[in-house]
file structure.cif (mmCIF, C-alpha atoms and all ligand atoms)
data_entry
loop_
_atom_site.label_atom_id
_atom_site.label_comp_id
_atom_site.auth_asym_id
_atom_site.auth_seq_id
_atom_site.Cartn_x
_atom_site.Cartn_y
_atom_site.Cartn_z
CA MET F 29 14.72 -21.12 30.04
CA LYS F 30 15.05 -20.41 26.36
CA LEU F 31 12.05 -19.31 24.40
CA THR F 32 11.40 -21.05 21.13
CA GLU F 33 10.65 -19.34 17.87
CA ALA F 34 6.96 -20.22 18.31
CA ASP F 35 6.98 -18.61 21.75
CA VAL F 36 8.44 -15.41 20.35
CA ILE F 37 5.83 -15.29 17.60
CA ALA F 38 3.07 -15.77 20.16
CA ILE F 39 4.47 -12.95 22.29
CA LEU F 40 4.78 -10.60 19.33
CA HIS F 41 1.16 -11.15 18.39
CA ASP F 42 0.21 -9.87 21.77
CA ASP F 43 -3.38 -9.96 22.86
CA GLY F 44 -3.36 -6.95 25.14
CA ARG F 45 -1.93 -8.69 28.20
CA THR F 46 0.69 -6.94 30.27
CA GLU F 47 4.34 -7.92 30.08
CA ALA F 48 4.12 -9.26 33.64
CA GLU F 49 1.26 -11.58 32.68
CA VAL F 50 3.05 -12.87 29.59
CA ALA F 51 6.28 -13.32 31.53
CA ALA F 52 4.43 -15.39 34.12
CA GLN F 53 3.00 -17.62 31.39
CA TYR F 54 6.42 -18.39 29.91
CA GLY F 55 8.23 -18.50 33.25
CA VAL F 56 10.71 -15.77 32.31
CA GLN F 57 11.47 -12.33 33.65
CA GLN F 58 9.33 -9.41 32.60
CA ASN F 59 12.45 -7.79 31.17
CA THR F 60 12.70 -10.63 28.65
CA ILE F 61 9.21 -9.95 27.36
CA ASN F 62 10.02 -6.28 27.11
CA ARG F 63 13.15 -7.09 25.11
CA ILE F 64 11.18 -9.26 22.70
CA ARG F 65 8.57 -6.58 22.20
CA THR F 66 11.13 -3.85 21.63
CA GLY F 67 13.28 -6.02 19.37
CA THR F 68 16.32 -6.30 21.62
CA ARG F 69 18.23 -9.56 21.59
CA CYS F 70 18.76 -11.31 24.86
CA ALA F 71 20.29 -14.57 26.10
CA SER F 72 17.04 -16.14 27.20
CA ILE F 73 15.71 -16.22 23.65
CA ALA F 74 16.73 -19.17 21.49
CA PRO F 75 19.77 -18.19 19.42
CA HIS F 76 18.15 -19.13 16.13
CA VAL F 77 15.19 -16.83 16.71
CA PRO F 78 16.31 -13.19 16.47
CA ARG F 79 17.27 -11.29 13.31
CA TRP F 80 13.86 -11.57 11.73
CA PHE F 81 12.01 -10.80 14.92
CA LYS F 82 13.99 -7.63 15.36
CA LYS F 83 12.87 -6.66 11.88
CA ILE F 84 9.25 -7.31 12.76
CA ARG F 85 9.45 -5.57 16.10
CA ALA F 86 11.15 -2.49 14.74
CA THR F 87 8.12 -1.71 12.63
CA SER F 88 5.01 0.21 13.50
CA ALA F 89 1.77 -0.20 11.58
CA GLY F 90 2.78 2.85 9.53
CA ASP F 91 6.10 1.19 8.67
CA VAL F 92 4.28 -1.92 7.47
CA VAL F 93 2.36 0.27 5.03
CA ALA F 94 5.52 2.06 3.92
CA GLN F 95 7.30 -1.25 3.29
CA ARG F 96 4.45 -2.79 1.35
CA SER F 97 3.40 0.14 -0.83
CA VAL F 98 4.72 1.52 -4.07
CA THR F 99 4.44 5.14 -5.17
CA ASP F 100 3.00 5.79 -8.61
CA PRO F 101 4.97 8.78 -9.91
CA ALA F 102 2.19 9.70 -12.35
CA THR F 103 -0.50 10.17 -9.71
CA GLY F 104 1.40 10.42 -6.43
CA CYS F 105 -0.70 7.53 -5.14
CA VAL F 106 1.08 5.25 -2.70
CA ASN F 107 -0.40 1.94 -3.74
CA TRP F 108 -0.72 -0.90 -1.26
CA THR F 109 0.66 -4.14 -2.74
CA GLY F 110 -0.68 -6.59 -0.16
CA ALA F 111 -4.08 -8.12 0.41
CA LEU F 112 -7.25 -6.16 -0.27
CA GLN F 113 -10.60 -6.42 1.47
CA SER F 114 -13.93 -6.54 -0.34
CA GLN F 115 -14.10 -2.81 -1.01
CA GLY F 116 -10.58 -2.73 -2.41
CA TYR F 117 -8.85 -1.26 0.67
CA GLY F 118 -5.51 -2.66 1.76
CA LEU F 119 -5.74 -4.99 4.74
CA PHE F 120 -3.07 -6.43 7.02
CA SER F 121 -2.62 -7.86 10.48
CA PHE F 122 -0.34 -6.07 12.90
CA ARG F 123 0.23 -7.26 16.46
CA GLY F 124 -2.84 -9.44 16.21
CA ARG F 125 -5.12 -6.65 14.97
CA MET F 126 -6.56 -6.37 11.49
CA MET F 127 -5.87 -2.92 10.07
CA LEU F 128 -6.83 -1.04 6.95
CA ALA F 129 -3.68 0.16 5.19
CA HIS F 130 -4.90 3.65 4.29
CA ARG F 131 -6.13 4.30 7.83
CA ALA F 132 -2.84 3.09 9.33
CA ALA F 133 -0.92 5.35 6.95
CA TYR F 134 -3.07 8.35 7.79
CA GLU F 135 -2.73 7.74 11.54
CA ALA F 136 1.04 7.34 11.24
CA ALA F 137 1.22 10.77 9.60
CA ASN F 138 -1.48 12.66 11.48
CA GLY F 139 -2.31 10.83 14.69
CA PRO F 140 -5.56 9.04 15.52
CA ILE F 141 -8.60 9.48 13.30
CA PRO F 142 -11.39 10.97 15.42
CA ASP F 143 -14.09 8.44 16.37
CA GLY F 144 -16.76 7.89 13.78
CA LEU F 145 -14.93 9.62 10.94
CA LEU F 146 -14.15 7.94 7.63
CA LEU F 147 -11.22 8.71 5.39
CA MET F 148 -12.03 9.89 1.91
CA HIS F 149 -9.67 9.37 -1.00
CA ALA F 150 -9.19 12.51 -3.10
CA CYS F 151 -7.74 10.21 -5.78
CA ASP F 152 -10.70 7.79 -5.60
CA ASN F 153 -8.19 4.93 -5.46
CA PRO F 154 -9.00 2.69 -2.48
CA ARG F 155 -5.58 1.03 -2.36
CA CYS F 156 -3.83 4.42 -2.10
CA CYS F 157 -2.14 5.04 1.27
CA ASN F 158 -0.80 8.53 0.62
CA PRO F 159 -1.90 10.58 3.67
CA ALA F 160 -1.96 13.69 1.44
CA HIS F 161 -4.72 12.04 -0.60
CA LEU F 162 -6.82 11.28 2.47
CA THR F 163 -9.24 13.55 4.24
CA PRO F 164 -11.27 12.64 7.30
CA GLY F 165 -14.97 13.20 6.92
CA THR F 166 -18.37 12.07 8.09
CA ASP F 167 -20.47 9.47 6.34
CA GLN F 168 -22.43 12.38 4.86
CA ASP F 169 -19.26 13.95 3.44
CA ASN F 170 -18.38 10.61 1.93
CA LYS F 171 -21.74 10.34 0.22
CA ALA F 172 -21.37 13.83 -1.22
CA ASP F 173 -17.92 12.78 -2.41
CA CYS F 174 -19.38 9.68 -4.08
CA VAL F 175 -21.93 11.83 -5.88
CA ALA F 176 -19.21 14.19 -7.02
CA LYS F 177 -17.24 11.33 -8.48
CA GLY F 178 -20.23 9.74 -10.13
CA ARG F 179 -20.06 6.55 -8.08
CA GLN F 180 -23.77 6.85 -7.34
CA SER F 181 -26.53 6.48 -9.90
CA LYS F 182 -26.19 8.81 -12.84
CA GLY F 183 -29.44 10.55 -11.95
CA GLU F 184 -27.90 11.86 -8.75
CA ALA F 185 -24.59 12.83 -10.28
CA HIS F 186 -25.87 15.94 -11.93
CA SER F 187 -23.60 18.87 -12.45
CA ALA F 188 -24.83 20.95 -9.50
CA ALA F 189 -24.11 18.12 -7.06
CA ILE F 190 -20.67 17.60 -8.51
CA LYS F 191 -19.88 21.27 -8.28
CA ALA F 192 -21.13 21.50 -4.69
CA ALA F 193 -19.16 18.46 -3.58
CA LEU F 194 -15.96 19.61 -5.21
CA GLN F 195 -16.36 23.06 -3.71
CA ARG F 196 -16.91 21.51 -0.32
CA ARG F 197 -13.82 19.38 -0.60
CA SER F 198 -11.56 22.17 -1.73
CA THR F 199 -12.73 24.13 1.33
CA MET F 200 -11.87 21.15 3.48
CA TYR F 201 -8.42 20.88 2.00
CA ARG F 202 -7.76 24.52 2.64
CA LYS F 203 -8.81 24.07 6.25
CA GLU F 204 -6.69 20.95 6.55
CA ALA F 205 -3.63 22.75 5.25
CA THR F 206 -3.81 25.52 7.83
CA ILE F 207 -4.19 23.31 10.92
ZN ZN C 1 -3.90 8.51 -4.07
#

call {"tool": "encode", "arguments": {"input": "structure.cif", "output": "structure tokens", "more": "lines below"}}
Ligand SMILES: [Zn+2]
result
Amino acid sequence: MKLTEADVIAILHDDGRTEAEVAAQYGVQQNTINRIRTGTRCASIAPHVPRWFKKIRATSAGDVVAQRSVTDPATGCVNWTGALQSQGYGLFSFRGRMMLAHRAAYEAANGPIPDGLLLMHACDNPRCCNPAHLTPGTDQDNKADCVAKGRQSKGEAHSAAIKAALQRRSTMYRKEATI
């Protein structure tokens, strides 16, 4: 049987099922599902389908970010050009999962972000996806960072807090660089 374009799209947006389960649903061999997921053409896929699906399949979440971002030479920020969520972070769907662009970019460069950690932007630019501008930190670190950048009320953003937060971050960067 030949799979239609709609079938291929459904398979690509996989919902966590195994290849055997998906193959059973479409009545094709498991190998066919594997070929679709890895972007390899095969005879049991409708001839009009491939090309674009290979392009989709060849990408990882990190590649999606790379393709849809533009580097600002002045700042070094790698600015996401796609949709933004309410806080201004880049947002996209990849293999049926919603992902934040800056987190996907960081993970592509550095591996998984430890559970419970946020990523802080050194550039204070939420759409930036440059891993070099991102540092993992706790919620507490993030709040200190906000104070340092004056995003909190002015009363809290006094010079001692700014100095402390900046000092703390430069220490973190030094640590980061030596890992
Ligand atoms: Zn940046």

call {"tool": "residues_near_point", "arguments": {"input": "structure.cif", "point": "(-7.1, 6.6, -8.7)", "cutoff": "10 Å", "atoms": "only C-alpha atoms", "output": "PyMOL selection string"}}
result
chain F and resi 103-105+107+149-156

call {"tool": "atom_distance", "arguments": {"input": "structure.cif", "atom1": "CA of Asn138 in chain F", "atom2": "CA of Gly118 in chain F"}}
result
18.6 Å

call {"tool": "closest_residue", "arguments": {"input": "structure.cif", "among": "F:Ala160, F:Ala111, F:Val50, F:Ile39", "to": "Ala129 in chain F", "atoms": "all atoms listed in the file"}}
result
F:Ala111

call {"tool": "residues_near_point", "arguments": {"input": "structure.cif", "point": "(-1.0, 5.4, 13.7)", "cutoff": "12 Å", "atoms": "only C-alpha atoms", "output": "tab-separated table (two decimals) with C-alpha atoms, in the frame of the given file"}}
result
chain	number	residue	atom	x	y	z
F	87	THR	CA	8.12	-1.71	12.63
F	88	SER	CA	5.01	0.21	13.50
F	89	ALA	CA	1.77	-0.20	11.58
F	90	GLY	CA	2.78	2.85	9.53
F	91	ASP	CA	6.10	1.19	8.67
F	92	VAL	CA	4.28	-1.92	7.47
F	93	VAL	CA	2.36	0.27	5.03
F	122	PHE	CA	-0.34	-6.07	12.90
F	127	MET	CA	-5.87	-2.92	10.07
F	128	LEU	CA	-6.83	-1.04	6.95
F	129	ALA	CA	-3.68	0.16	5.19
F	130	HIS	CA	-4.90	3.65	4.29
F	131	ARG	CA	-6.13	4.30	7.83
F	132	ALA	CA	-2.84	3.09	9.33
F	133	ALA	CA	-0.92	5.35	6.95
F	134	TYR	CA	-3.07	8.35	7.79
F	135	GLU	CA	-2.73	7.74	11.54
F	136	ALA	CA	1.04	7.34	11.24
F	137	ALA	CA	1.22	10.77	9.60
F	138	ASN	CA	-1.48	12.66	11.48
F	139	GLY	CA	-2.31	10.83	14.69
F	140	PRO	CA	-5.56	9.04	15.52
F	141	ILE	CA	-8.60	9.48	13.30
F	142	PRO	CA	-11.39	10.97	15.42
F	159	PRO	CA	-1.90	10.58	3.67

call {"tool": "closest_residue", "arguments": {"input": "structure.cif", "among": "F:Ala52, F:Glu47, F:Asp35, F:Met148", "to": "Pro164 in chain F", "atoms": "only C-alpha atoms"}}
result
F:Met148

call {"tool": "closest_residue", "arguments": {"input": "structure.cif", "among": "F:Leu146, F:Val106, F:Gly124, F:Lys171", "to": "ligand ZN 1 (chain C)", "atoms": "only C-alpha atoms and all ligand atoms"}}
result
F:Val106

call {"tool": "atom_distance", "arguments": {"input": "structure.cif", "atom1": "CA of Arg96 in chain F", "atom2": "CA of Asn158 in chain F"}}
result
12.5 Å

call {"tool": "closest_residue", "arguments": {"input": "structure.cif", "among": "F:Asp167, F:Met126, F:Ala102, F:Gly110", "to": "ligand ZN 1 (chain C)", "atoms": "only C-alpha atoms and all ligand atoms"}}
result
F:Ala102

call {"tool": "atom_distance", "arguments": {"input": "structure.cif", "atom1": "CA of Arg63 in chain F", "atom2": "CA of Leu119 in chain F"}}
result
27.9 Å

call {"tool": "closest_residue", "arguments": {"input": "structure.cif", "among": "F:Pro101, F:Gly55, F:Gly44, F:Gly165", "to": "ligand ZN 1 (chain C)", "atoms": "all atoms listed in the file"}}
result
F:Pro101

call {"tool": "closest_residue", "arguments": {"input": "structure.cif", "among": "F:Gln115, F:Asp100, F:Leu147, F:Phe120", "to": "ligand ZN 1 (chain C)", "atoms": "only C-alpha atoms and all ligand atoms"}}
result
F:Asp100
